[in-house]
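Visitor: Here you go, this is input_10.csv (CSV, C-alpha atoms).
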```csv
chain,number,residue,atom,x,y,z
Z,1077,MET,CA,80.8,107.6,144.3
Z,1078,ALA,CA,81.6,110.5,142.0
Z,1079,SER,CA,82.5,112.8,144.8
Z,1080,ARG,CA,84.9,110.2,146.2
Z,1081,PHE,CA,86.6,110.1,142.8
Z,1082,TRP,CA,87.0,113.8,142.7
Z,1083,THR,CA,88.4,113.8,146.2
Z,1084,TRP,CA,90.8,111.1,145.2
Z,1085,LEU,CA,91.8,113.0,142.0
Z,1086,HIS,CA,92.4,116.2,143.8
Z,1087,LYS,CA,94.5,114.4,146.4
Z,1088,LYS,CA,96.6,112.7,143.7
Z,1089,GLY,CA,96.8,116.1,141.9
Z,1090,SER,CA,98.1,117.9,144.9
Z,1091,PRO,CA,101.7,119.0,144.3
Z,1092,PRO,CA,103.6,116.9,146.9
Z,1093,VAL,CA,101.6,113.7,146.2
Z,1094,PHE,CA,102.1,114.1,142.5
Z,1095,TYR,CA,105.8,114.9,142.9
Z,1096,GLY,CA,106.3,111.7,145.0
Z,1097,MET,CA,104.3,109.6,142.6
Z,1098,ALA,CA,106.4,110.9,139.6
Z,1099,GLU,CA,109.6,110.3,141.7
Z,1100,ARG,CA,108.7,106.6,142.2
Z,1101,TRP,CA,107.5,106.0,138.6
Z,1102,SER,CA,110.2,107.8,136.6
Z,1103,PRO,CA,113.0,105.3,137.0
Z,1104,TRP,CA,110.8,102.4,135.9
Z,1105,LEU,CA,109.5,104.3,132.9
Z,1106,GLY,CA,113.0,105.5,131.9
Z,1107,TRP,CA,114.6,102.2,132.0
Z,1108,ALA,CA,111.7,100.3,130.4
Z,1109,SER,CA,111.7,102.9,127.6
Z,1110,LEU,CA,115.5,102.5,127.0
Z,1111,ALA,CA,115.1,98.7,127.0
Z,1112,ALA,CA,112.2,98.7,124.6
Z,1113,LEU,CA,114.0,101.1,122.2
Z,1114,VAL,CA,117.3,99.1,122.2
Z,1115,VAL,CA,115.4,95.8,121.6
Z,1116,GLY,CA,113.0,97.4,119.1
Z,1117,LEU,CA,115.8,99.2,117.1
Z,1118,TYR,CA,118.0,96.0,117.1
Z,1119,GLY,CA,115.0,94.0,115.8
Z,1120,GLY,CA,114.1,96.7,113.2
Z,1121,LEU,CA,117.6,97.6,112.0
Z,1122,VAL,CA,119.3,94.2,112.2
Z,1123,LEU,CA,116.8,91.3,112.4
Z,1124,ALA,CA,113.9,92.4,110.3
Z,1125,PRO,CA,114.1,91.4,106.6
Z,1126,THR,CA,114.8,93.8,103.7
Z,1127,ASP,CA,112.0,95.3,101.7
Z,1128,TYR,CA,111.7,94.0,98.2
Z,1129,GLN,CA,111.5,97.4,96.5
Z,1130,GLN,CA,112.8,100.0,99.0
Z,1131,GLY,CA,115.8,98.0,100.2
Z,1132,GLU,CA,117.2,99.1,103.5
Z,1133,SER,CA,115.8,102.6,103.5
Z,1134,TYR,CA,112.4,101.3,104.6
Z,1135,ARG,CA,113.9,100.7,108.1
Z,1136,ILE,CA,113.3,104.4,108.9
Z,1137,ILE,CA,109.7,103.4,109.7
Z,1138,TYR,CA,111.0,102.1,113.0
Z,1139,ILE,CA,111.5,105.8,114.0
Z,1140,HIS,CA,109.1,107.5,111.7
Z,1141,VAL,CA,105.9,105.6,112.5
Z,1142,PRO,CA,106.3,105.7,116.3
Z,1143,ALA,CA,107.2,109.4,116.1
Z,1144,ALA,CA,104.2,110.2,113.9
Z,1145,TRP,CA,101.9,108.1,116.2
Z,1146,MET,CA,103.3,109.9,119.3
Z,1147,SER,CA,102.8,113.3,117.6
Z,1148,LEU,CA,99.0,112.5,117.5
Z,1149,PHE,CA,98.9,110.8,120.9
Z,1150,VAL,CA,100.7,113.6,122.8
Z,1151,TYR,CA,98.4,116.1,121.2
Z,1152,MET,CA,95.3,114.3,122.4
Z,1153,PHE,CA,96.9,113.9,125.8
Z,1154,MET,CA,97.7,117.6,125.9
Z,1155,ALA,CA,94.2,118.7,124.8
Z,1156,SER,CA,92.5,116.4,127.3
Z,1157,MET,CA,94.6,117.8,130.1
Z,1158,ALA,CA,93.8,121.3,128.9
Z,1159,ALA,CA,90.1,120.4,128.9
Z,1160,VAL,CA,90.4,119.1,132.5
Z,1161,GLY,CA,92.2,122.3,133.4
Z,1162,ILE,CA,89.5,124.5,131.9
Z,1163,ILE,CA,86.6,122.6,133.3
Z,1164,TRP,CA,87.8,121.4,136.8
Z,1165,ARG,CA,90.6,124.0,137.3
Z,1166,LEU,CA,93.0,121.2,138.3
Z,1167,LYS,CA,96.4,122.9,138.3
Z,1168,ILE,CA,98.4,119.7,137.8
Z,1169,ALA,CA,96.4,119.1,134.5
Z,1170,ASP,CA,97.5,122.6,133.2
Z,1171,THR,CA,101.0,121.8,134.2
Z,1172,MET,CA,101.0,118.4,132.4
Z,1173,ALA,CA,99.5,120.0,129.2
Z,1174,LEU,CA,102.2,122.7,129.3
Z,1175,VAL,CA,105.1,120.3,129.7
Z,1176,ALA,CA,103.7,117.8,127.1
Z,1177,ALA,CA,103.7,120.4,124.4
Z,1178,PRO,CA,107.5,120.6,123.7
Z,1179,ILE,CA,107.7,116.8,123.8
Z,1180,GLY,CA,104.9,116.5,121.3
Z,1181,ALA,CA,106.5,119.2,119.1
Z,1182,MET,CA,109.7,117.2,119.2
Z,1183,PHE,CA,108.0,114.0,118.0
Z,1184,THR,CA,106.2,115.9,115.3
Z,1185,ALA,CA,109.5,117.4,114.0
Z,1186,LEU,CA,111.1,114.0,114.1
Z,1187,ALA,CA,108.2,112.5,112.1
Z,1188,LEU,CA,108.5,115.3,109.5
Z,1189,ALA,CA,112.3,115.0,109.3
Z,1190,THR,CA,112.4,111.2,109.0
Z,1191,GLY,CA,109.5,111.3,106.5
Z,1192,SER,CA,111.4,113.8,104.4
Z,1193,ILE,CA,114.6,111.8,104.5
Z,1194,TRP,CA,112.7,108.7,103.3
Z,1195,GLY,CA,110.7,110.7,100.7
Z,1196,LYS,CA,113.7,111.8,98.7
Z,1197,PRO,CA,114.9,108.3,97.7
Z,1198,THR,CA,111.4,106.7,97.5
Z,1199,TRP,CA,109.1,109.4,96.0
Z,1200,GLY,CA,111.9,111.4,94.4
Z,1201,THR,CA,111.2,114.6,96.5
Z,1202,TRP,CA,111.9,115.9,100.0
Z,1203,TRP,CA,108.5,117.5,100.3
Z,1204,VAL,CA,105.1,117.9,98.6
Z,1205,TRP,CA,102.1,119.8,99.8
Z,1206,ASP,CA,99.8,116.8,100.0
Z,1207,ALA,CA,97.1,116.6,102.6
Z,1208,ARG,CA,99.0,114.3,105.0
Z,1209,LEU,CA,102.3,116.2,105.0
Z,1210,THR,CA,100.6,119.6,105.2
Z,1211,SER,CA,98.3,118.6,108.1
Z,1212,GLU,CA,101.2,117.2,110.0
Z,1213,LEU,CA,103.1,120.5,109.5
Z,1214,ILE,CA,100.1,122.3,110.8
Z,1215,LEU,CA,100.3,120.1,113.9
Z,1216,LEU,CA,103.8,121.3,114.5
Z,1217,PHE,CA,102.6,124.9,114.3
Z,1218,LEU,CA,99.8,124.1,116.7
Z,1219,TYR,CA,102.3,122.8,119.3
Z,1220,LEU,CA,104.5,125.9,118.8
Z,1221,GLY,CA,101.5,128.2,118.9
Z,1222,TYR,CA,100.4,126.6,122.2
Z,1223,ILE,CA,103.8,127.0,123.8
Z,1224,ALA,CA,104.1,130.6,122.5
Z,1225,LEU,CA,100.6,131.6,123.7
Z,1226,TYR,CA,101.2,130.0,127.1
Z,1227,ASN,CA,104.4,131.9,127.6
Z,1228,ALA,CA,103.1,135.2,126.2
Z,1229,MET,CA,100.8,135.8,129.2
Z,1230,GLU,CA,102.0,136.9,132.7
Z,1231,ASP,CA,99.1,135.5,134.6
Z,1232,GLU,CA,99.4,131.7,135.0
Z,1233,ARG,CA,95.7,131.0,135.0
Z,1234,THR,CA,94.8,133.2,132.0
Z,1235,ALA,CA,97.7,131.7,130.1
Z,1236,ALA,CA,96.5,128.1,130.8
Z,1237,ARG,CA,93.0,128.9,129.8
Z,1238,ALA,CA,93.9,130.8,126.6
Z,1239,ALA,CA,96.4,128.2,125.5
Z,1240,GLY,CA,94.0,125.4,126.5
Z,1241,ILE,CA,91.3,126.8,124.1
Z,1242,LEU,CA,93.9,126.9,121.3
Z,1243,ALA,CA,94.8,123.2,122.1
Z,1244,LEU,CA,91.1,122.3,122.0
Z,1245,VAL,CA,90.5,124.1,118.7
Z,1246,GLY,CA,93.5,122.2,117.2
Z,1247,VAL,CA,91.9,118.8,118.1
Z,1248,VAL,CA,90.0,119.1,114.8
Z,1249,ASN,CA,93.3,118.6,113.0
Z,1250,ILE,CA,93.9,115.1,114.5
Z,1251,PRO,CA,91.3,113.1,112.5
Z,1252,ILE,CA,92.3,115.2,109.5
Z,1253,ILE,CA,95.9,114.0,109.8
Z,1254,HIS,CA,94.8,110.4,110.4
Z,1255,PHE,CA,92.2,110.1,107.6
Z,1256,SER,CA,93.9,112.5,105.1
Z,1257,VAL,CA,95.3,109.5,103.2
Z,1258,GLU,CA,91.9,108.0,102.8
Z,1259,TRP,CA,89.7,111.1,102.2
Z,1260,TRP,CA,91.9,112.8,99.6
Z,1261,HIS,CA,94.4,111.5,97.0
Z,1262,SER,CA,97.7,111.9,98.6
Z,1263,LEU,CA,101.3,111.0,97.8
Z,1264,HIS,CA,101.7,109.5,101.3
Z,1265,GLN,CA,100.7,105.9,101.5
Z,1266,GLY,CA,97.8,104.5,103.6
Z,1267,PRO,CA,98.2,103.3,107.2
Z,1268,LEU,CA,100.2,100.2,107.9
Z,1269,LEU,CA,97.5,98.7,110.1
Z,1270,ASP,CA,94.0,98.3,108.6
Z,1271,LEU,CA,91.4,97.2,111.1
Z,1272,LYS,CA,89.8,95.0,108.4
Z,1273,LYS,CA,92.8,93.7,106.5
Z,1274,GLY,CA,95.4,93.6,109.3
Z,1275,TRP,CA,99.0,94.7,109.0
Z,1276,SER,CA,100.3,95.4,105.5
Z,1277,LEU,CA,103.8,94.7,106.9
Z,1278,GLN,CA,105.3,91.3,106.8
Z,1279,PRO,CA,104.8,89.7,110.3
Z,1280,GLU,CA,108.6,89.7,110.9
Z,1281,MET,CA,108.6,93.5,110.5
Z,1282,VAL,CA,105.8,94.1,112.9
Z,1283,TRP,CA,107.1,93.2,116.4
Z,1284,PRO,CA,110.1,95.6,116.2
Z,1285,LEU,CA,107.7,98.3,115.2
Z,1286,LEU,CA,105.4,97.6,118.1
Z,1287,THR,CA,108.4,97.5,120.5
Z,1288,THR,CA,109.8,100.9,119.4
Z,1289,MET,CA,106.2,102.3,119.6
Z,1290,ALA,CA,106.0,101.1,123.2
Z,1291,GLY,CA,109.5,102.6,123.8
Z,1292,PHE,CA,108.4,106.0,122.6
Z,1293,GLN,CA,105.2,105.8,124.6
Z,1294,LEU,CA,107.2,105.1,127.8
Z,1295,LEU,CA,109.7,107.8,126.9
Z,1296,PHE,CA,106.9,110.3,126.7
Z,1297,PHE,CA,105.6,109.5,130.1
Z,1298,TRP,CA,109.1,109.5,131.6
Z,1299,ALA,CA,109.8,112.9,130.1
Z,1300,LEU,CA,106.3,114.1,131.1
Z,1301,PHE,CA,106.9,113.2,134.7
Z,1302,ARG,CA,110.4,114.6,134.9
Z,1303,ARG,CA,109.4,117.9,133.3
Z,1304,SER,CA,106.3,118.1,135.5
Z,1305,GLN,CA,108.4,117.6,138.6
Z,1306,THR,CA,110.6,120.5,137.5
Z,1307,VAL,CA,107.6,122.8,137.0
Z,1308,VAL,CA,106.0,121.7,140.3
Z,1309,LEU,CA,109.2,122.4,142.2
Z,1310,LEU,CA,109.5,125.9,140.6
Z,1311,LYS,CA,105.9,126.8,141.4
Z,1312,GLU,CA,106.1,125.3,145.0
Z,1313,ALA,CA,109.6,126.7,145.7
Z,1314,ARG,CA,108.4,128.5,148.8
Z,1315,SER,CA,106.2,125.7,150.2
Z,1316,LYS,CA,107.0,123.8,153.4
Z,1317,TRP,CA,107.3,120.4,151.7
Z,1318,VAL,CA,109.9,121.6,149.2
Z,1319,GLY,CA,111.8,123.3,152.1
Z,1320,ALA,CA,111.7,120.1,154.1
Z,1321,MET,CA,112.9,118.0,151.1
Z,1322,LEU,CA,115.8,120.5,150.4
Z,1323,SER,CA,116.9,120.5,154.1
Z,1324,GLY,CA,117.6,116.8,153.8
Z,1325,ASP,CA,114.6,115.4,155.6
Z,1326,ARG,CA,113.4,112.3,153.9
Z,1327,PRO,CA,110.3,113.4,152.1
Z,1328,ARG,CA,107.1,111.8,153.2
Z,1329,PHE,CA,105.0,111.5,150.0
M,260,MET,CA,79.2,118.1,138.9
M,261,THR,CA,78.6,121.7,140.0
M,262,PRO,CA,76.7,124.0,137.7
M,263,ILE,CA,79.7,126.1,137.0
M,264,ARG,CA,81.7,123.0,135.9
M,265,ARG,CA,78.8,121.8,133.8
M,266,LYS,CA,78.7,125.1,132.1
M,267,ARG,CA,82.5,124.9,131.4
M,268,LEU,CA,82.1,121.4,130.1
M,269,MET,CA,79.3,122.5,127.8
M,270,TYR,CA,81.5,125.3,126.6
M,271,VAL,CA,84.3,122.9,125.7
M,272,VAL,CA,81.8,120.5,124.0
M,273,LEU,CA,80.3,123.4,122.0
M,274,LEU,CA,83.7,124.7,121.0
M,275,LEU,CA,84.8,121.2,119.7
M,276,ALA,CA,81.5,120.7,117.9
M,277,GLY,CA,81.6,124.2,116.3
M,278,VAL,CA,85.1,124.0,115.1
M,279,GLY,CA,84.6,120.5,113.9
M,280,ALA,CA,81.5,121.3,111.9
M,281,SER,CA,83.0,124.4,110.3
M,282,VAL,CA,86.2,122.5,109.3
M,283,PHE,CA,84.0,119.7,108.0
M,284,PHE,CA,82.0,122.0,105.7
M,285,ALA,CA,85.1,123.9,104.6
M,286,SER,CA,86.9,120.7,103.6
M,287,GLN,CA,83.8,119.5,101.8
M,288,ALA,CA,83.8,122.8,99.8
M,289,MET,CA,87.5,122.5,99.0
M,290,ARG,CA,87.5,118.8,98.4
M,291,GLU,CA,88.8,119.2,94.8
M,292,ASN,CA,91.7,121.4,95.9
M,293,LEU,CA,92.7,119.1,98.7
M,294,MET,CA,93.2,116.2,96.2
M,295,PHE,CA,96.9,115.9,95.5
M,296,PHE,CA,96.3,114.3,92.1
M,297,TYR,CA,93.5,113.5,89.6
M,298,SER,CA,92.8,110.0,88.5
M,299,PRO,CA,92.7,109.0,84.8
M,300,THR,CA,88.9,108.5,85.2
M,301,GLN,CA,88.5,112.1,86.5
M,302,VAL,CA,90.6,113.4,83.6
M,303,GLU,CA,88.5,111.5,81.0
M,304,ALA,CA,85.3,112.8,82.7
M,305,GLY,CA,86.6,116.3,82.2
M,306,GLU,CA,87.0,117.1,85.9
M,307,ALA,CA,90.7,118.1,85.6
M,308,PRO,CA,91.4,121.8,84.7
M,309,VAL,CA,91.8,122.3,81.0
M,310,GLY,CA,95.0,124.1,79.9
M,311,ALA,CA,96.4,124.3,83.4
M,312,ARG,CA,99.0,122.4,85.2
M,313,TYR,CA,97.8,119.5,87.5
M,314,ARG,CA,98.9,116.2,88.8
M,315,LEU,CA,97.9,112.9,87.4
M,316,GLY,CA,98.1,109.7,89.5
M,317,GLY,CA,97.7,106.1,88.6
M,318,LEU,CA,99.4,102.8,88.0
M,319,VAL,CA,102.0,102.4,85.1
M,320,LEU,CA,100.2,100.1,82.7
M,321,THR,CA,102.1,96.9,82.2
M,322,GLY,CA,103.8,96.8,78.8
M,323,SER,CA,103.3,100.4,78.1
M,324,VAL,CA,106.7,101.8,78.9
M,325,GLU,CA,108.7,103.0,75.9
M,326,ARG,CA,112.2,104.5,76.1
M,327,GLU,CA,114.0,106.0,73.2
M,328,ALA,CA,117.5,104.7,72.9
M,329,GLY,CA,120.1,107.4,73.7
M,330,SER,CA,117.7,109.8,75.3
M,331,ILE,CA,115.9,110.3,78.6
M,332,GLU,CA,112.5,110.6,76.9
M,333,ALA,CA,110.1,108.1,78.3
M,334,ARG,CA,106.5,107.3,77.3
M,335,PHE,CA,104.1,105.3,79.3
M,336,VAL,CA,100.4,104.9,80.1
M,337,LEU,CA,98.8,105.7,83.5
M,338,THR,CA,95.7,103.8,84.5
M,339,ASP,CA,93.3,103.4,87.4
M,340,THR,CA,92.0,100.2,85.8
M,341,GLN,CA,89.0,102.2,84.4
M,342,ALA,CA,90.6,104.8,82.2
M,343,GLN,CA,94.0,105.2,80.5
M,344,ILE,CA,96.0,108.3,79.8
M,345,PRO,CA,99.3,108.3,77.8
M,346,VAL,CA,102.1,110.3,79.5
M,347,SER,CA,105.4,111.6,78.1
M,348,PHE,CA,108.2,112.6,80.4
M,349,SER,CA,111.7,113.8,79.7
M,350,GLY,CA,113.9,113.5,82.8
M,351,ILE,CA,115.2,111.2,85.4
M,352,LEU,CA,112.6,108.7,86.7
M,353,PRO,CA,112.5,107.8,90.4
M,354,ASP,CA,114.1,104.5,91.4
M,355,LEU,CA,110.8,102.9,92.2
M,356,PHE,CA,109.4,103.6,88.7
M,357,ARG,CA,108.4,100.4,86.9
M,358,GLU,CA,105.4,98.8,85.4
M,359,GLY,CA,102.5,98.3,87.9
M,360,GLN,CA,103.9,101.0,90.2
M,361,GLY,CA,101.8,103.9,91.5
M,362,ILE,CA,103.1,107.2,90.0
M,363,VAL,CA,102.1,110.8,90.3
M,364,ALA,CA,103.0,112.9,87.2
M,365,HIS,CA,102.9,116.8,87.3
M,366,GLY,CA,102.4,118.6,84.1
M,367,ARG,CA,99.7,119.6,81.5
M,368,MET,CA,97.6,117.9,78.9
M,369,ARG,CA,98.6,118.5,75.3
M,370,ALA,CA,96.1,119.0,72.5
M,371,ASP,CA,96.8,115.5,71.2
M,372,GLY,CA,95.6,113.9,74.5
M,373,VAL,CA,99.1,113.1,75.8
M,374,PHE,CA,99.9,114.3,79.3
M,375,GLU,CA,103.3,116.0,79.2
M,376,ALA,CA,104.9,115.7,82.6
M,377,ASP,CA,107.9,117.6,83.9
M,378,GLU,CA,108.0,115.8,87.2
M,379,VAL,CA,107.3,112.2,88.1
M,380,LEU,CA,107.1,111.0,91.7
M,381,ALA,CA,106.7,107.4,92.8
M,382,LYS,CA,103.8,106.8,95.1
M,383,HIS,CA,104.8,104.0,97.5
M,384,ASP,CA,102.0,101.9,98.8
M,385,GLU,CA,101.7,100.6,102.4
M,386,ASN,CA,102.8,97.1,101.6
M,387,TYR,CA,106.2,96.2,103.0
M,388,MET,CA,107.7,92.7,102.4
M,389,SER,CA,110.9,90.9,101.8
M,390,PRO,CA,112.1,89.6,98.4
M,391,GLU,CA,111.5,86.0,99.5
M,392,VAL,CA,107.8,86.8,100.3
M,393,VAL,CA,107.5,88.4,96.9
M,394,GLU,CA,108.8,85.3,95.2
M,395,ALA,CA,106.4,83.1,97.2
M,396,LEU,CA,103.5,85.4,96.2
M,397,LYS,CA,104.5,85.3,92.6
M,398,ALA,CA,104.7,81.5,92.7
M,399,ALA,CA,101.1,81.5,94.1
M,400,GLY,CA,99.9,83.7,91.3
M,401,HIS,CA,99.6,87.0,93.2
M,402,ASP,CA,102.3,89.3,91.8
M,403,PRO,CA,102.6,92.2,94.3
M,404,THR,CA,104.9,94.1,91.9
M,405,LYS,CA,101.9,94.7,89.6
M,406,GLY,CA,100.5,97.3,91.9
M,407,ASP,CA,97.3,97.4,93.9
M,408,PRO,CA,94.4,98.5,91.7
M,409,GLU,CA,92.2,98.3,94.8
M,410,GLU,CA,93.9,101.3,96.2
M,411,TYR,CA,93.1,103.4,93.1
M,412,GLN,CA,89.5,102.1,93.2
M,413,ARG,CA,89.3,103.1,96.9
M,414,GLN,CA,90.6,106.6,96.2
M,415,LYS,CA,88.0,107.3,93.5
M,416,PRO,CA,85.9,110.2,94.8
```
Can you give me the file's structure in the form of structure tokens?
Guide:
Amino acid sequence: MASRFWTWLHKKGSPPVFYGMAERWSPWLGWASLAALVVGLYGGLVLAPTDYQQGESYRIIYIHVPAAWMSLFVYMFMASMAAVGIIWRLKIADTMALVAAPIGAMFTALALATGSIWGKPTWGTWWVWDARLTSELILLFLYLGYIALYNAMEDERTAARAAGILALVGVVNIPIIHFSVEWWHSLHQGPLLDLKKGWSLQPEMVWPLLTTMAGFQLLFFWALFRRSQTVVLLKEARSKWVGAMLSGDRPRF
Amino acid sequence: MTPIRRKRLMYVVLLLAGVGASVFFASQAMRENLMFFYSPTQVEAGEAPVGARYRLGGLVLTGSVEREAGSIEARFVLTDTQAQIPVSFSGILPDLFREGQGIVAHGRMRADGVFEADEVLAKHDENYMSPEVVEALKAAGHDPTKGDPEEYQRQKP
């Protein structure tokens, strides 16, 4: 049973099979993401009611919360792929960890920027060194450090392993970011969703948020597949299947 | 799983456990320093640094805000529903400043027991709702603009 799973995984992870799968899935992911973002942003920016004390500026949560959520999700994805790469030496896992890093860094930067823009009118400051903001900034540096370390080494396998270890060490920051607002006094507010109390948002404000979150999630997988395809093509440039594809033969994936 | 893979898996697990444990103990040791602000209860218990600058966080006590006519001097009391600390501030208060609002004041304690702040930030809570819902809640006897004392209870160390 287990061995059949690994055979299946290695087959799916083989470059031509993965490339074909990404080719088939990408359009669906891309268009679904665009649709979710358009609907979610329309719901959030136009349909959702105004907040009683922040006025319209609260609407930045429709970008900020999904971006912050994705900054954590992408990191966990990247670290899981790095672990699979380290333990099972699955090359496609290393590739996915590598291409996920800049996407995650982008979501982190977006979360930090939108938070700062919201903080100025609400808190009265662009930035404070409280536990939530500082740990999120460290997350950005972890992403950048991972990318830098990966690119600093000539040998692909050594680079994947060294950067993978850094990614795993950084996992410790993820619960710190999430629980920072509960463990320590912070200026940043608590989570919008409490498992015991439910949403602290009015129900009419919730569905656009869930929709933009789904949109960002789909956007991530779309970008992940597209970027992975590019890396696979570069690595496999001399292989037969790439040659056959370039010479106009209909690829058989 | 082959022995070599099991070995690598153990290596990854040990790495995560080791880093996790060391960060846990480090954060326990630095717990005080990671707090962005002290609560009035902590200040009354003498846990805040004496004579040094620190941040004080709490709810603005209803009915405590005094403004002098023709000046930007403001006086108010911060509370976590247990203890109360009077604060004086000369400057522009954030838009969200009002009675019942969570506030973080940065400054130092004067000898007369008044906290003299040179910066006041509004701490927004996680509750988002429209003015209509606020009116409905007020009518039902739960005024959300009076702040959420539970949050300050929860944040007590």
Visitor: With chain Z as the partner and 7 Å as the cut-off, tabulate the residues of chain M that qualify, each row holding the nearest pair of atoms and their distance in Å to one decimal, using all atoms listed in the file, sorted by chain and rising number, as CSV.
Guide:
```
residue,atom,partner,partner_atom,distance
M:Arg264,CA,Z:Ile1163,CA,5.6
M:Arg267,CA,Z:Ile1163,CA,5.1
M:Leu268,CA,Z:Ile1163,CA,5.7
M:Leu275,CA,Z:Val1245,CA,6.5
M:Val278,CA,Z:Val1245,CA,6.5
M:Gly279,CA,Z:Val1248,CA,5.7
M:Leu293,CA,Z:Ala1207,CA,6.4
M:Met294,CA,Z:His1261,CA,4.9
M:Phe295,CA,Z:Ser1262,CA,5.1
M:Phe296,CA,Z:His1261,CA,6.0
M:Pro353,CA,Z:Gly1200,CA,5.4
M:Leu355,CA,Z:Thr1198,CA,6.5
M:Leu380,CA,Z:Trp1199,CA,5.0
M:Ala381,CA,Z:Trp1199,CA,4.5
M:Lys382,CA,Z:Leu1263,CA,5.6
M:His383,CA,Z:Gln1265,CA,6.0
M:Asp384,CA,Z:Gln1265,CA,5.0
M:Glu385,CA,Z:Gln1265,CA,5.5
M:Asn386,CA,Z:Ser1276,CA,4.9
M:Tyr387,CA,Z:Leu1277,CA,4.8
M:Met388,CA,Z:Asp1127,CA,5.1
M:Ser389,CA,Z:Asp1127,CA,4.5
M:Pro390,CA,Z:Tyr1128,CA,4.4
M:Gln414,CA,Z:His1261,CA,6.3
```
Visitor: Using all atoms listed in the file for the distances, tell me which of M:Arg290, M:Lys266, M:Arg334, M:His401 is nearest to Gly322 (chain M).
Guide: M:Arg334
Visitor: As AutoDock Vina command-line options, please report the centre and edge lengths, rounded to one decimal in Å, of the axis-aligned box that holds all listed atoms of region 343-351 of chain M with 4 Å of padding on each of the six sides.
Guide:
```
--center_x 104.6 --center_y 109.5 --center_z 81.6 --size_x 29.2 --size_y 16.6 --size_z 15.6
```
Visitor: One decimal, in Å: what's the spacing between CA of Leu1186 (chain Z) and CA of Ala1236 (chain Z)?
Guide: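 According to the coordinates, CA of Leu1186 (chain Z) and CA of Ala1236 (chain Z) are separated by 26.3 Å.
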Visitor: Enter the distance from CA of Phe1153 (chain Z) to CA of Ala1313 (chain Z), in Å, rounded to one decimal.
Guide: 26.9 Å
Visitor: As an exercise, work out the distance from CA of Ala328 (chain M) to CA of Arg357 (chain M) in Å and give it to one decimal place.
Guide: 17.2 Å
Visitor: Excluding Val302 (chain M) and any residue of its chain fewer than 2 positions from it, enumerate the residues within 10 Å of it, using only C-alpha atoms, and give them as a ChimeraX atom specification.
Guide: /M:297-300,304-309,315,342-344,368
Visitor: Please list as a VMD selection string every residue within 12 Å of Ser1109 (chain Z), counting all atoms listed in the file and excluding residues in the same chain fewer than 5 positions away.
Guide: chain Z and resid 1102 to 1104 1114 to 1117 1287 to 1299
Visitor: Can you list, as a list of chain:residue names, every protein, DNA or RNA residue that comes within 8 Å of Leu337 (chain M) when you count all atoms listed in the file, leaving out same-chain residues fewer than 3 positions away?
Guide: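 Listed by chain and then number, they are M:Pro299, M:Gly316, M:Gly317, M:Leu318, M:Val319, M:Leu320, M:Gln343, M:Ile344, M:Pro345, M:Val346, M:Ile362.
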